[in-house]
file coords_23.txt (compact mmCIF, C-alpha atoms)
# COMPACT_ATOMS: atom_id res chain seq x y z
CA MET C 1 0.00 0.00 0.00
CA GLU C 2 1.39 3.33 -0.97
CA HIS C 3 1.24 5.99 1.68
CA LYS C 4 0.91 9.39 0.11
CA TYR C 5 2.53 11.10 3.07
CA ASN C 6 5.65 8.96 2.80
CA ARG C 7 6.64 10.89 -0.27
CA TRP C 8 6.76 14.00 1.87
CA ILE C 9 8.79 12.58 4.70
CA MET C 10 11.32 10.52 2.80
CA GLY C 11 13.04 13.53 1.33
CA THR C 12 15.61 15.64 3.04
CA ALA C 13 13.19 18.44 3.71
CA VAL C 14 9.91 18.01 5.54
CA GLY C 15 7.74 21.03 5.28
CA VAL C 16 5.78 22.56 8.07
CA VAL C 17 2.67 22.30 5.95
CA ALA C 18 3.23 18.61 5.28
CA ILE C 19 3.65 17.84 8.96
CA ALA C 20 0.62 19.90 9.87
CA ALA C 21 -1.46 18.12 7.23
CA MET C 22 -0.30 14.73 8.41
CA ILE C 23 -1.20 15.47 12.01
CA ASP C 24 -4.50 17.00 10.94
CA HIS C 25 -5.42 13.78 9.17
CA THR C 26 -4.99 11.86 12.41
CA ARG C 27 -7.45 14.06 14.33
CA HIS C 28 -10.53 11.96 14.93
CA THR C 29 -13.02 12.30 17.73
CA LEU C 30 -12.50 9.43 20.12
CA PRO C 31 -15.37 7.38 21.53
CA ILE C 32 -16.41 8.55 24.96
CA ALA C 33 -15.43 6.16 27.71
CA GLN C 34 -18.50 4.55 29.22
CA PRO C 35 -18.98 4.32 32.97
CA ASN C 36 -18.20 1.01 34.55
CA ASP C 37 -21.27 -0.80 35.80
CA ILE C 38 -19.31 -2.72 38.39
CA VAL C 39 -19.34 -1.15 41.85
CA ILE C 40 -16.99 -2.57 44.47
CA ILE C 41 -18.05 -2.05 48.07
CA ASP C 42 -15.25 -2.57 50.54
CA ASP C 43 -16.29 -2.29 54.17
CA GLU C 44 -12.72 -2.86 55.28
CA SER C 45 -11.55 0.38 53.78
CA ASP C 46 -11.05 3.21 56.23
CA ALA C 47 -10.70 5.72 53.44
CA SER C 48 -13.45 7.74 51.79
CA PRO C 49 -16.15 5.96 49.76
CA CYS C 50 -14.41 7.11 46.62
CA SER C 51 -10.96 5.86 47.59
CA LEU C 52 -9.08 3.34 45.53
CA ASP C 53 -7.75 0.38 47.40
CA VAL C 54 -5.59 -0.73 44.56
CA SER C 55 -3.38 1.36 42.38
CA PRO C 56 -5.66 2.77 39.71
CA CYS C 57 -3.00 2.72 37.04
CA SER C 58 -1.12 -0.44 37.92
CA LEU C 59 0.06 -3.02 35.45
CA ASP C 60 -1.91 -5.79 37.18
CA MET I 1 21.06 -0.88 14.94
CA GLN I 2 18.28 1.22 16.26
CA PRO I 3 19.31 4.17 18.36
CA GLY I 4 18.92 4.24 22.13
CA LEU I 5 16.40 6.66 23.47
CA SER I 6 18.96 9.33 24.30
CA SER I 7 20.21 9.54 20.70
CA PRO I 8 19.57 12.62 18.57
CA SER I 9 15.95 13.39 18.06
CA LYS I 10 15.83 13.39 14.26
CA GLN I 11 15.47 9.60 14.03
CA TYR I 12 12.65 9.65 16.55
CA ALA I 13 10.93 12.44 14.68
CA THR I 14 11.23 10.44 11.47
CA ASN I 15 9.76 7.36 13.19
CA ILE I 16 6.83 9.41 14.44
CA LEU I 17 6.26 10.97 11.02
CA GLU I 18 6.25 7.53 9.43
CA ALA I 19 3.71 6.33 11.97
CA LEU I 20 1.62 9.45 11.49
CA SER I 21 1.61 8.96 7.73
CA ILE I 22 0.26 5.44 8.14
CA PHE I 23 -2.32 6.56 10.68
CA ALA I 24 -3.34 9.40 8.37
CA ASP I 25 -3.80 7.09 5.40
CA ALA I 26 -5.85 4.73 7.57
CA GLN I 27 -7.88 7.63 9.03
CA SER I 28 -6.73 6.52 12.44
CA ASN I 29 -4.47 7.58 15.29
CA LEU I 30 -2.65 5.85 18.10
CA VAL I 31 -5.71 5.63 20.36
CA LEU I 32 -8.06 4.36 17.69
CA ASP I 33 -5.34 1.85 16.88
CA VAL I 34 -5.28 0.41 20.40
CA LEU I 35 -9.06 0.56 20.80
CA ALA I 36 -9.42 -1.52 17.62
CA GLY I 37 -13.06 -0.58 17.20
CA GLN I 38 -14.04 -1.23 20.81
CA THR I 39 -15.88 1.28 22.98
CA PRO I 40 -13.73 2.02 26.01
CA HIS I 41 -15.02 1.78 29.55
CA GLU I 42 -13.55 3.77 32.39
CA ASN I 43 -10.31 2.23 33.70
CA GLU I 44 -10.42 -0.51 31.09
CA LYS I 45 -6.96 -1.14 29.65
CA PHE I 46 -6.16 -1.13 25.97
CA PRO I 47 -5.05 -2.86 23.91
CA THR I 48 -6.29 -6.17 25.24
CA GLY I 49 -3.21 -7.94 26.54
CA GLU I 50 -1.23 -4.68 26.83
CA LEU I 51 0.99 -2.97 24.32
CA ASN I 52 3.57 -5.24 22.70
CA PHE I 53 7.03 -3.72 22.75
CA VAL I 54 8.63 -6.92 21.40
CA ASP I 55 11.90 -6.60 23.31
CA ALA I 56 10.06 -6.94 26.65
CA GLY I 57 11.98 -4.01 28.09
CA TRP I 58 8.80 -1.98 28.21
CA ARG I 59 5.22 -2.42 29.22
CA GLY I 60 2.30 -0.08 28.91
CA PHE I 61 -1.36 0.43 28.28
CA TYR I 62 -3.96 3.07 27.52
CA HIS I 63 -6.96 3.80 29.67
CA CYS I 64 -9.52 6.46 30.48
CA HIS I 65 -10.44 7.65 33.92
CA ALA I 66 -13.94 8.69 34.92
CA ALA I 67 -14.86 12.16 33.67
CA ALA I 68 -14.84 13.58 37.20
CA GLU I 69 -11.27 12.38 37.73
CA LYS I 70 -9.63 13.73 34.60
CA HIS I 71 -8.82 16.96 32.80
CA SER I 72 -11.67 18.04 30.55
CA GLU I 73 -9.37 18.10 27.52
CA GLU I 74 -8.05 14.61 28.18
CA HIS I 75 -9.59 11.49 26.70
CA GLY I 76 -7.18 9.12 28.41
CA HIS I 77 -3.49 8.39 28.78
CA PHE I 78 -0.80 5.85 28.07
CA HIS I 79 1.19 4.63 31.05
CA LEU I 80 4.71 3.56 30.18
CA PHE I 81 6.84 1.32 32.38
CA VAL I 82 10.44 0.27 31.86
CA CYS I 83 11.99 -2.95 33.15
CA CYS I 84 14.17 -2.40 36.21
CA GLY I 85 14.97 -6.01 37.11
CA GLU I 86 13.55 -9.46 36.66
CA GLU I 87 9.79 -8.99 36.42
CA GLN I 88 10.26 -5.59 38.00
CA TRP I 89 8.88 -2.42 36.46
CA THR I 90 9.08 1.26 37.15
CA HIS I 91 6.78 3.95 35.80
CA VAL I 92 8.50 6.47 33.57
CA ALA I 93 5.66 8.79 32.62
CA ALA I 94 2.16 8.95 31.27
CA LEU I 95 1.27 10.45 27.91
CA SER I 96 -2.04 12.28 28.06
CA ILE I 97 -4.15 12.18 24.90
CA ASP I 98 -6.81 14.70 23.95
CA ASN I 99 -10.28 13.99 22.63
CA LEU I 100 -9.04 14.00 19.04
CA GLY I 101 -6.36 11.40 19.68
CA GLN I 102 -3.44 13.81 19.88
CA PRO I 103 -0.71 13.86 22.54
CA ARG I 104 -1.41 16.78 24.86
CA SER I 105 1.00 16.39 27.80
CA TRP I 106 3.45 14.24 29.68
CA PHE I 107 2.99 13.76 33.39
CA THR I 108 4.44 11.82 36.28
CA VAL I 109 2.51 10.38 39.19
CA ASN I 110 3.01 9.36 42.79
CA GLN I 111 4.00 5.78 43.55
CA TRP I 112 0.57 4.62 44.77
CA VAL I 113 -1.02 5.53 41.43
CA THR I 114 0.78 2.81 39.50
CA GLY I 115 2.04 0.64 42.33
CA ALA I 116 5.25 0.08 40.39
CA ASN I 117 8.77 0.05 41.79
CA TRP I 118 9.91 3.51 42.76
CA LEU I 119 13.24 4.63 41.32
CA SER I 120 14.89 8.02 41.52
CA ALA I 121 14.95 10.23 38.44
CA ASN I 122 18.63 9.39 37.89
CA ASP I 123 18.04 5.65 38.10
CA THR I 124 14.98 5.83 35.86
CA LEU I 125 16.79 7.86 33.24
CA SER I 126 19.71 5.42 33.19
CA LEU I 127 17.25 2.74 32.05
CA LEU I 128 16.10 4.83 29.10
CA ASP I 129 19.60 4.82 27.62
CA ASP I 130 19.54 1.05 27.11
CA VAL I 131 16.24 0.77 25.29
CA HIS I 132 16.07 0.14 21.58
CA ILE I 133 13.21 0.10 19.15
CA SER I 134 12.92 -3.28 17.47
CA PRO I 135 11.96 -3.24 13.78
CA GLU I 136 9.18 -5.67 14.69
CA THR I 137 7.65 -3.22 17.13
CA GLY I 138 4.04 -2.31 16.32
CA LEU I 139 3.05 1.07 15.01
CA THR I 140 1.63 2.52 18.21
CA GLU I 141 4.47 1.08 20.27
CA GLN I 142 7.01 2.54 17.84
CA PHE I 143 5.25 5.89 18.11
CA LEU I 144 5.35 5.79 21.91
CA LEU I 145 8.98 4.72 22.17
CA SER I 146 9.92 7.39 19.68
CA MET I 147 8.01 9.94 21.74
CA LEU I 148 10.13 8.92 24.73
CA GLY I 149 13.22 9.55 22.65
CA LEU I 150 11.99 12.79 21.14
CA TYR I 151 11.07 14.12 24.57
CA HIS I 152 14.01 12.64 26.46
CA ASP I 153 15.21 15.98 27.81
CA ASP I 154 11.71 17.00 28.82
CA LEU I 155 11.16 13.68 30.56
CA SER I 156 14.44 14.12 32.37
CA GLU I 157 13.29 17.50 33.67
CA LEU I 158 9.88 16.08 34.53
CA LEU I 159 11.35 13.23 36.56
CA PHE I 160 13.70 15.52 38.47
CA GLU I 161 10.80 17.89 39.06
CA ARG I 162 8.79 14.91 40.31
CA ASP I 163 11.50 14.05 42.83
CA ARG I 164 11.89 17.66 43.97
CA ARG I 165 8.13 17.99 44.43
CA LEU I 166 8.00 14.81 46.47
CA THR I 167 10.83 16.02 48.66
CA GLN I 168 8.99 19.29 49.22
CA ILE I 169 5.78 17.51 50.12
CA ASN I 170 7.58 15.01 52.30
CA ALA I 171 9.34 17.72 54.31
CA GLY I 172 11.26 15.26 56.45
CA ALA I 173 8.36 12.89 57.05
CA ASN I 174 8.40 9.18 56.22
CA MET I 175 8.84 8.95 52.45
CA ASP I 176 6.90 5.69 52.31
CA ASP I 177 3.88 7.53 53.68
CA THR I 178 4.27 10.29 51.12
CA LEU I 179 4.52 7.78 48.28
CA GLU I 180 1.22 6.31 49.47
CA ASP I 181 -0.46 9.65 50.11
CA ARG I 182 -3.78 9.53 48.20
CA SER I 183 -3.92 13.33 48.13
CA VAL I 184 -0.76 13.47 46.04
CA TYR I 185 -1.44 12.30 42.51
CA VAL I 186 0.24 14.12 39.62
CA LEU I 187 3.70 15.35 40.57
CA SER I 188 4.85 17.06 37.40
CA SER I 189 3.48 17.72 33.94
CA ARG I 190 4.35 19.40 30.70
CA LEU I 191 2.20 20.31 27.71
CA ILE I 192 3.20 18.97 24.32
CA ALA I 193 3.33 20.84 21.00
CA LEU I 194 4.13 17.85 18.79
CA GLN I 195 3.93 19.65 15.46
CA GLU I 196 6.46 22.27 16.52
CA ARG I 197 8.75 19.64 18.02
CA LEU I 198 8.67 17.54 14.87
CA VAL I 199 9.43 20.52 12.64
CA GLN I 200 12.26 21.56 14.92
CA SER I 201 13.70 18.04 15.06
CA VAL I 202 13.69 17.22 11.34
CA ARG I 203 15.46 20.49 10.61
CA THR I 204 18.39 19.74 12.91
call {"tool": "encode", "arguments": {"input": "coords_23.txt", "output": "C-alpha cells"}}
result
Amino acid sequence: MEHKYNRWIMGTAVGVVAIAAMIDHTRHTLPIAQPNDIVIIDDESDASPCSLDVSPCSLD
Amino acid sequence: MQPGLSSPSKQYATNILEALSIFADAQSNLVLDVLAGQTPHENEKFPTGELNFVDAGWRGFYHCHAAAEKHSEEHGHFHLFVCCGEEQWTHVAALSIDNLGQPRSWFTVNQWVTGANWLSANDTLSLLDDVHISPETGLTEQFLLSMLGLYHDDLSELLFERDRRLTQINAGANMDDTLEDRSVYVLSSRLIALQERLVQSVRT
C-alpha cells in the first residue's frame, strides 16, 4: 500500500505544511469512555467511599 | 542498529512521522489503533493484553479515567513502564491524549497511582539509555517509544521535578507515607506541542 505522506517525509526536507497536514489527518473524535457498571463495596476500607484500594494505574 | 532513546531526536521524529503517515492514510491515530473498534469503559486497559514492545523491556497500556477524575481536555493516557529487574517495572511517565487522539501532555505520578517500583529520576533515566526500538515493534508502540526519545530531555526534567516535588511535600516525614499519600497524585506535567517539536527536530 502506498502511503501518500511517505513521499513527503522521505526527502531531506519536511515542510511545516506537510507535517501539519499529516497530524490533521490523524485528528478523529475518540469514543467517549462509558462508565463502569461494576461497583466494588469494601467495608474494610477506612478511606473515603471514593478511595481506591488498589493502584488505579497499575500493570496488574 | 536502532538508536537508544537518548540519541539525537531526528530519528525519533522520522519514526513518528512515518507512523503518522500510516495513521493518516488509515484515518486513524494511536488511540483508535489500540481501541481496535471497541468502545472504552472507564479504567479498562487497551489494547487487550497490553501494548507489545517486542523486546520486553517496556510495558504499557492506555486507559480512560472517569470524567470527574480527569482533565476536561483529556480522553485518556498511556502509562509507560520500563523494566528495572527481573519482572520488575518502574513507571516512567504517562502520555495524556486529547479527545481527538493527539498527545497533549506528559505527566508523572506518585507511587501509589501505579504501584510500580519507585526509582529516583537518575536511576529511571539510566534505564532509558539502554532501550532500543525493534523493527518488529508495532506502530503505536514505535510511536510511543519514539516519543520517549523525542522528549528525552523534557522527561528528564519532569522526573527531576517529580523528585523535587516529592521532597517538598515530604518535608522530612516518612517517604513511604508520602509515596502512598492519596492526596498526592500528579507530581509534574508538561504540555506537548508535537507539530512544533517535529518541525524543529527534522530540521536539525
call {"tool": "atom_distance", "arguments": {"input": "coords_23.txt", "atom1": "atom CA of I:Thr140", "atom2": "atom CA of I:Ser156"}}
result
22.3 Å
call {"tool": "interface_residues", "arguments": {"input": "coords_23.txt", "of": "chain I", "to": "chain C", "cutoff": "6 Å", "atoms": "all atoms listed in the file", "output": "list in words"}}
result
Ser21, Ala24, Ser28, Asn29, Pro40, His41, Glu42, Asn99, Leu100, Trp112, Val113, Thr114 and Gly115 of chain I
call {"tool": "residues_around", "arguments": {"input": "coords_23.txt", "residues": "stretch 180-193 of chain I", "least_positions_apart": "5", "cutoff": "6 Å", "atoms": "all atoms listed in the file", "output": "PyMOL selection string"}}
result
chain I and resi 104-110+112+158+162
call {"tool": "atom_distance", "arguments": {"input": "coords_23.txt", "atom1": "atom CA of I:Ala66", "atom2": "atom CA of I:Phe46"}}
result
15.4 Å
call {"tool": "atom_distance", "arguments": {"input": "coords_23.txt", "atom1": "atom CA of I:Thr90", "atom2": "atom CA of I:Asn117"}}
result
4.8 Å
call {"tool": "axis_aligned_box", "arguments": {"input": "coords_23.txt", "around": "stretch 139-150 of chain I", "padding_each_side": "6 Å", "output": "JSON"}}
result
{"center_x": 7.4, "center_y": 6.9, "center_z": 19.9, "size_x": 23.6, "size_y": 23.7, "size_z": 21.7}
call {"tool": "closest_residue", "arguments": {"input": "coords_23.txt", "among": "I:Gly76, I:Pro103, I:Ala26, I:Glu69", "to": "I:Leu144", "atoms": "all atoms listed in the file"}}
result
I:Pro103
call {"tool": "closest_residue", "arguments": {"input": "coords_23.txt", "among": "I:Ser201, I:Leu35, I:Trp118, I:Phe81", "to": "I:Asp176", "atoms": "only C-alpha atoms"}}
result
I:Trp118
call {"tool": "residues_around", "arguments": {"input": "coords_23.txt", "residues": "I:Ala36", "least_positions_apart": "4", "cutoff": "9 Å", "atoms": "all atoms listed in the file", "output": "VMD selection string"}}
result
chain I and resid 31 to 32 46 to 47
call {"tool": "closest_residue", "arguments": {"input": "coords_23.txt", "among": "I:Thr39, I:Leu95, I:His71, I:Asp55", "to": "I:Met147", "atoms": "all atoms listed in the file"}}
result
I:Leu95
call {"tool": "decode", "arguments": {"input": "coords_23.txt", "residues": "stretch 45-59 of chain I", "atoms": "all heavy atoms", "output": "PDB file, in the first residue's frame"}}
result
ATOM      1  N   LYS I  45      -8.272  -1.300  30.290  1.00  0.00           N
ATOM      2  CA  LYS I  45      -6.958  -1.143  29.647  1.00  0.00           C
ATOM      3  C   LYS I  45      -6.976  -1.594  28.195  1.00  0.00           C
ATOM      4  O   LYS I  45      -7.552  -2.621  27.861  1.00  0.00           O
ATOM      5  CB  LYS I  45      -5.900  -1.933  30.423  1.00  0.00           C
ATOM      6  CG  LYS I  45      -5.658  -1.384  31.818  1.00  0.00           C
ATOM      7  CD  LYS I  45      -4.722  -2.286  32.606  1.00  0.00           C
ATOM      8  CE  LYS I  45      -4.576  -1.764  34.023  1.00  0.00           C
ATOM      9  NZ  LYS I  45      -3.842  -2.705  34.881  1.00  0.00           N
ATOM     10  N   PHE I  46      -6.292  -0.815  27.388  1.00  0.00           N
ATOM     11  CA  PHE I  46      -6.163  -1.134  25.967  1.00  0.00           C
ATOM     12  C   PHE I  46      -4.689  -1.038  25.563  1.00  0.00           C
ATOM     13  O   PHE I  46      -3.954  -0.237  26.123  1.00  0.00           O
ATOM     14  CB  PHE I  46      -7.003  -0.164  25.124  1.00  0.00           C
ATOM     15  CG  PHE I  46      -8.480  -0.355  25.301  1.00  0.00           C
ATOM     16  CD1 PHE I  46      -9.162   0.407  26.240  1.00  0.00           C
ATOM     17  CD2 PHE I  46      -9.168  -1.281  24.553  1.00  0.00           C
ATOM     18  CE1 PHE I  46     -10.529   0.223  26.421  1.00  0.00           C
ATOM     19  CE2 PHE I  46     -10.531  -1.464  24.723  1.00  0.00           C
ATOM     20  CZ  PHE I  46     -11.212  -0.700  25.657  1.00  0.00           C
ATOM     21  N   PRO I  47      -4.257  -1.812  24.547  1.00  0.00           N
ATOM     22  CA  PRO I  47      -5.046  -2.858  23.910  1.00  0.00           C
ATOM     23  C   PRO I  47      -5.210  -4.067  24.838  1.00  0.00           C
ATOM     24  O   PRO I  47      -4.518  -4.166  25.843  1.00  0.00           O
ATOM     25  CB  PRO I  47      -4.201  -3.230  22.693  1.00  0.00           C
ATOM     26  CG  PRO I  47      -2.800  -2.940  23.116  1.00  0.00           C
ATOM     27  CD  PRO I  47      -2.889  -1.743  24.017  1.00  0.00           C
ATOM     28  N   THR I  48      -6.111  -4.940  24.473  1.00  0.00           N
ATOM     29  CA  THR I  48      -6.288  -6.173  25.239  1.00  0.00           C
ATOM     30  C   THR I  48      -4.957  -6.916  25.257  1.00  0.00           C
ATOM     31  O   THR I  48      -4.358  -7.138  24.217  1.00  0.00           O
ATOM     32  CB  THR I  48      -7.370  -7.057  24.587  1.00  0.00           C
ATOM     33  OG1 THR I  48      -8.558  -6.290  24.464  1.00  0.00           O
ATOM     34  CG2 THR I  48      -7.630  -8.299  25.416  1.00  0.00           C
ATOM     35  N   GLY I  49      -4.495  -7.251  26.437  1.00  0.00           N
ATOM     36  CA  GLY I  49      -3.211  -7.935  26.540  1.00  0.00           C
ATOM     37  C   GLY I  49      -2.027  -6.993  26.546  1.00  0.00           C
ATOM     38  O   GLY I  49      -0.884  -7.432  26.418  1.00  0.00           O
ATOM     39  N   GLU I  50      -2.281  -5.708  26.733  1.00  0.00           N
ATOM     40  CA  GLU I  50      -1.230  -4.684  26.826  1.00  0.00           C
ATOM     41  C   GLU I  50      -0.581  -4.395  25.482  1.00  0.00           C
ATOM     42  O   GLU I  50      -0.728  -5.136  24.513  1.00  0.00           O
ATOM     43  CB  GLU I  50      -0.117  -5.082  27.811  1.00  0.00           C
ATOM     44  CG  GLU I  50      -0.488  -4.989  29.266  1.00  0.00           C
ATOM     45  CD  GLU I  50       0.719  -5.208  30.150  1.00  0.00           C
ATOM     46  OE1 GLU I  50       1.866  -5.111  29.673  1.00  0.00           O
ATOM     47  OE2 GLU I  50       0.505  -5.484  31.335  1.00  0.00           O
ATOM     48  N   LEU I  51       0.183  -3.316  25.481  1.00  0.00           N
ATOM     49  CA  LEU I  51       0.993  -2.974  24.319  1.00  0.00           C
ATOM     50  C   LEU I  51       2.091  -4.024  24.174  1.00  0.00           C
ATOM     51  O   LEU I  51       2.516  -4.628  25.161  1.00  0.00           O
ATOM     52  CB  LEU I  51       1.632  -1.586  24.513  1.00  0.00           C
ATOM     53  CG  LEU I  51       0.645  -0.414  24.550  1.00  0.00           C
ATOM     54  CD1 LEU I  51       1.294   0.813  25.182  1.00  0.00           C
ATOM     55  CD2 LEU I  51       0.169  -0.090  23.141  1.00  0.00           C
ATOM     56  N   ASN I  52       2.527  -4.236  22.951  1.00  0.00           N
ATOM     57  CA  ASN I  52       3.567  -5.236  22.701  1.00  0.00           C
ATOM     58  C   ASN I  52       4.830  -4.547  22.200  1.00  0.00           C
ATOM     59  O   ASN I  52       4.918  -4.153  21.046  1.00  0.00           O
ATOM     60  CB  ASN I  52       3.080  -6.249  21.663  1.00  0.00           C
ATOM     61  CG  ASN I  52       4.121  -7.299  21.359  1.00  0.00           C
ATOM     62  OD1 ASN I  52       5.160  -7.365  22.018  1.00  0.00           O
ATOM     63  ND2 ASN I  52       3.860  -8.116  20.357  1.00  0.00           N
ATOM     64  N   PHE I  53       5.804  -4.419  23.105  1.00  0.00           N
ATOM     65  CA  PHE I  53       7.031  -3.722  22.753  1.00  0.00           C
ATOM     66  C   PHE I  53       8.116  -4.669  22.236  1.00  0.00           C
ATOM     67  O   PHE I  53       9.269  -4.284  22.106  1.00  0.00           O
ATOM     68  CB  PHE I  53       7.543  -2.917  23.946  1.00  0.00           C
ATOM     69  CG  PHE I  53       6.687  -1.724  24.250  1.00  0.00           C
ATOM     70  CD1 PHE I  53       5.803  -1.729  25.316  1.00  0.00           C
ATOM     71  CD2 PHE I  53       6.751  -0.585  23.462  1.00  0.00           C
ATOM     72  CE1 PHE I  53       5.009  -0.624  25.598  1.00  0.00           C
ATOM     73  CE2 PHE I  53       5.969   0.527  23.728  1.00  0.00           C
ATOM     74  CZ  PHE I  53       5.094   0.501  24.800  1.00  0.00           C
ATOM     75  N   VAL I  54       7.767  -5.914  22.010  1.00  0.00           N
ATOM     76  CA  VAL I  54       8.634  -6.921  21.397  1.00  0.00           C
ATOM     77  C   VAL I  54       9.862  -7.261  22.240  1.00  0.00           C
ATOM     78  O   VAL I  54      10.064  -8.418  22.586  1.00  0.00           O
ATOM     79  CB  VAL I  54       9.070  -6.508  19.975  1.00  0.00           C
ATOM     80  CG1 VAL I  54       9.946  -7.594  19.357  1.00  0.00           C
ATOM     81  CG2 VAL I  54       7.857  -6.259  19.083  1.00  0.00           C
ATOM     82  N   ASP I  55      10.660  -6.267  22.602  1.00  0.00           N
ATOM     83  CA  ASP I  55      11.902  -6.605  23.307  1.00  0.00           C
ATOM     84  C   ASP I  55      11.685  -6.817  24.801  1.00  0.00           C
ATOM     85  O   ASP I  55      12.627  -7.130  25.531  1.00  0.00           O
ATOM     86  CB  ASP I  55      12.962  -5.533  23.081  1.00  0.00           C
ATOM     87  CG  ASP I  55      12.644  -4.239  23.806  1.00  0.00           C
ATOM     88  OD1 ASP I  55      11.545  -4.130  24.380  1.00  0.00           O
ATOM     89  OD2 ASP I  55      13.494  -3.340  23.805  1.00  0.00           O
ATOM     90  N   ALA I  56      10.439  -6.664  25.259  1.00  0.00           N
ATOM     91  CA  ALA I  56      10.062  -6.938  26.653  1.00  0.00           C
ATOM     92  C   ALA I  56      10.703  -5.991  27.655  1.00  0.00           C
ATOM     93  O   ALA I  56      10.589  -6.175  28.851  1.00  0.00           O
ATOM     94  CB  ALA I  56      10.353  -8.390  27.039  1.00  0.00           C
ATOM     95  N   GLY I  57      11.377  -4.982  27.178  1.00  0.00           N
ATOM     96  CA  GLY I  57      11.979  -4.007  28.091  1.00  0.00           C
ATOM     97  C   GLY I  57      10.991  -2.939  28.528  1.00  0.00           C
ATOM     98  O   GLY I  57      11.306  -2.119  29.381  1.00  0.00           O
ATOM     99  N   TRP I  58       9.827  -2.975  27.908  1.00  0.00           N
ATOM    100  CA  TRP I  58       8.804  -1.983  28.206  1.00  0.00           C
ATOM    101  C   TRP I  58       7.444  -2.649  28.366  1.00  0.00           C
ATOM    102  O   TRP I  58       7.173  -3.673  27.755  1.00  0.00           O
ATOM    103  CB  TRP I  58       8.710  -0.956  27.074  1.00  0.00           C
ATOM    104  CG  TRP I  58       9.874  -0.041  27.025  1.00  0.00           C
ATOM    105  CD1 TRP I  58      11.072  -0.263  26.403  1.00  0.00           C
ATOM    106  CD2 TRP I  58       9.978   1.237  27.649  1.00  0.00           C
ATOM    107  NE1 TRP I  58      11.905   0.804  26.604  1.00  0.00           N
ATOM    108  CE2 TRP I  58      11.254   1.737  27.365  1.00  0.00           C
ATOM    109  CE3 TRP I  58       9.096   2.002  28.425  1.00  0.00           C
ATOM    110  CZ2 TRP I  58      11.687   2.967  27.830  1.00  0.00           C
ATOM    111  CZ3 TRP I  58       9.517   3.236  28.888  1.00  0.00           C
ATOM    112  CH2 TRP I  58      10.809   3.702  28.585  1.00  0.00           C
ATOM    113  N   ARG I  59       6.621  -2.034  29.150  1.00  0.00           N
ATOM    114  CA  ARG I  59       5.217  -2.419  29.220  1.00  0.00           C
ATOM    115  C   ARG I  59       4.386  -1.140  29.237  1.00  0.00           C
ATOM    116  O   ARG I  59       4.897  -0.061  29.590  1.00  0.00           O
ATOM    117  CB  ARG I  59       4.931  -3.236  30.484  1.00  0.00           C
ATOM    118  CG  ARG I  59       5.535  -4.626  30.457  1.00  0.00           C
ATOM    119  CD  ARG I  59       5.260  -5.383  31.734  1.00  0.00           C
ATOM    120  NE  ARG I  59       3.858  -5.757  31.870  1.00  0.00           N
ATOM    121  CZ  ARG I  59       3.358  -6.360  32.957  1.00  0.00           C
ATOM    122  NH1 ARG I  59       4.147  -6.626  33.982  1.00  0.00           N
ATOM    123  NH2 ARG I  59       2.084  -6.698  33.006  1.00  0.00           N
TER     124      ARG I  59
END
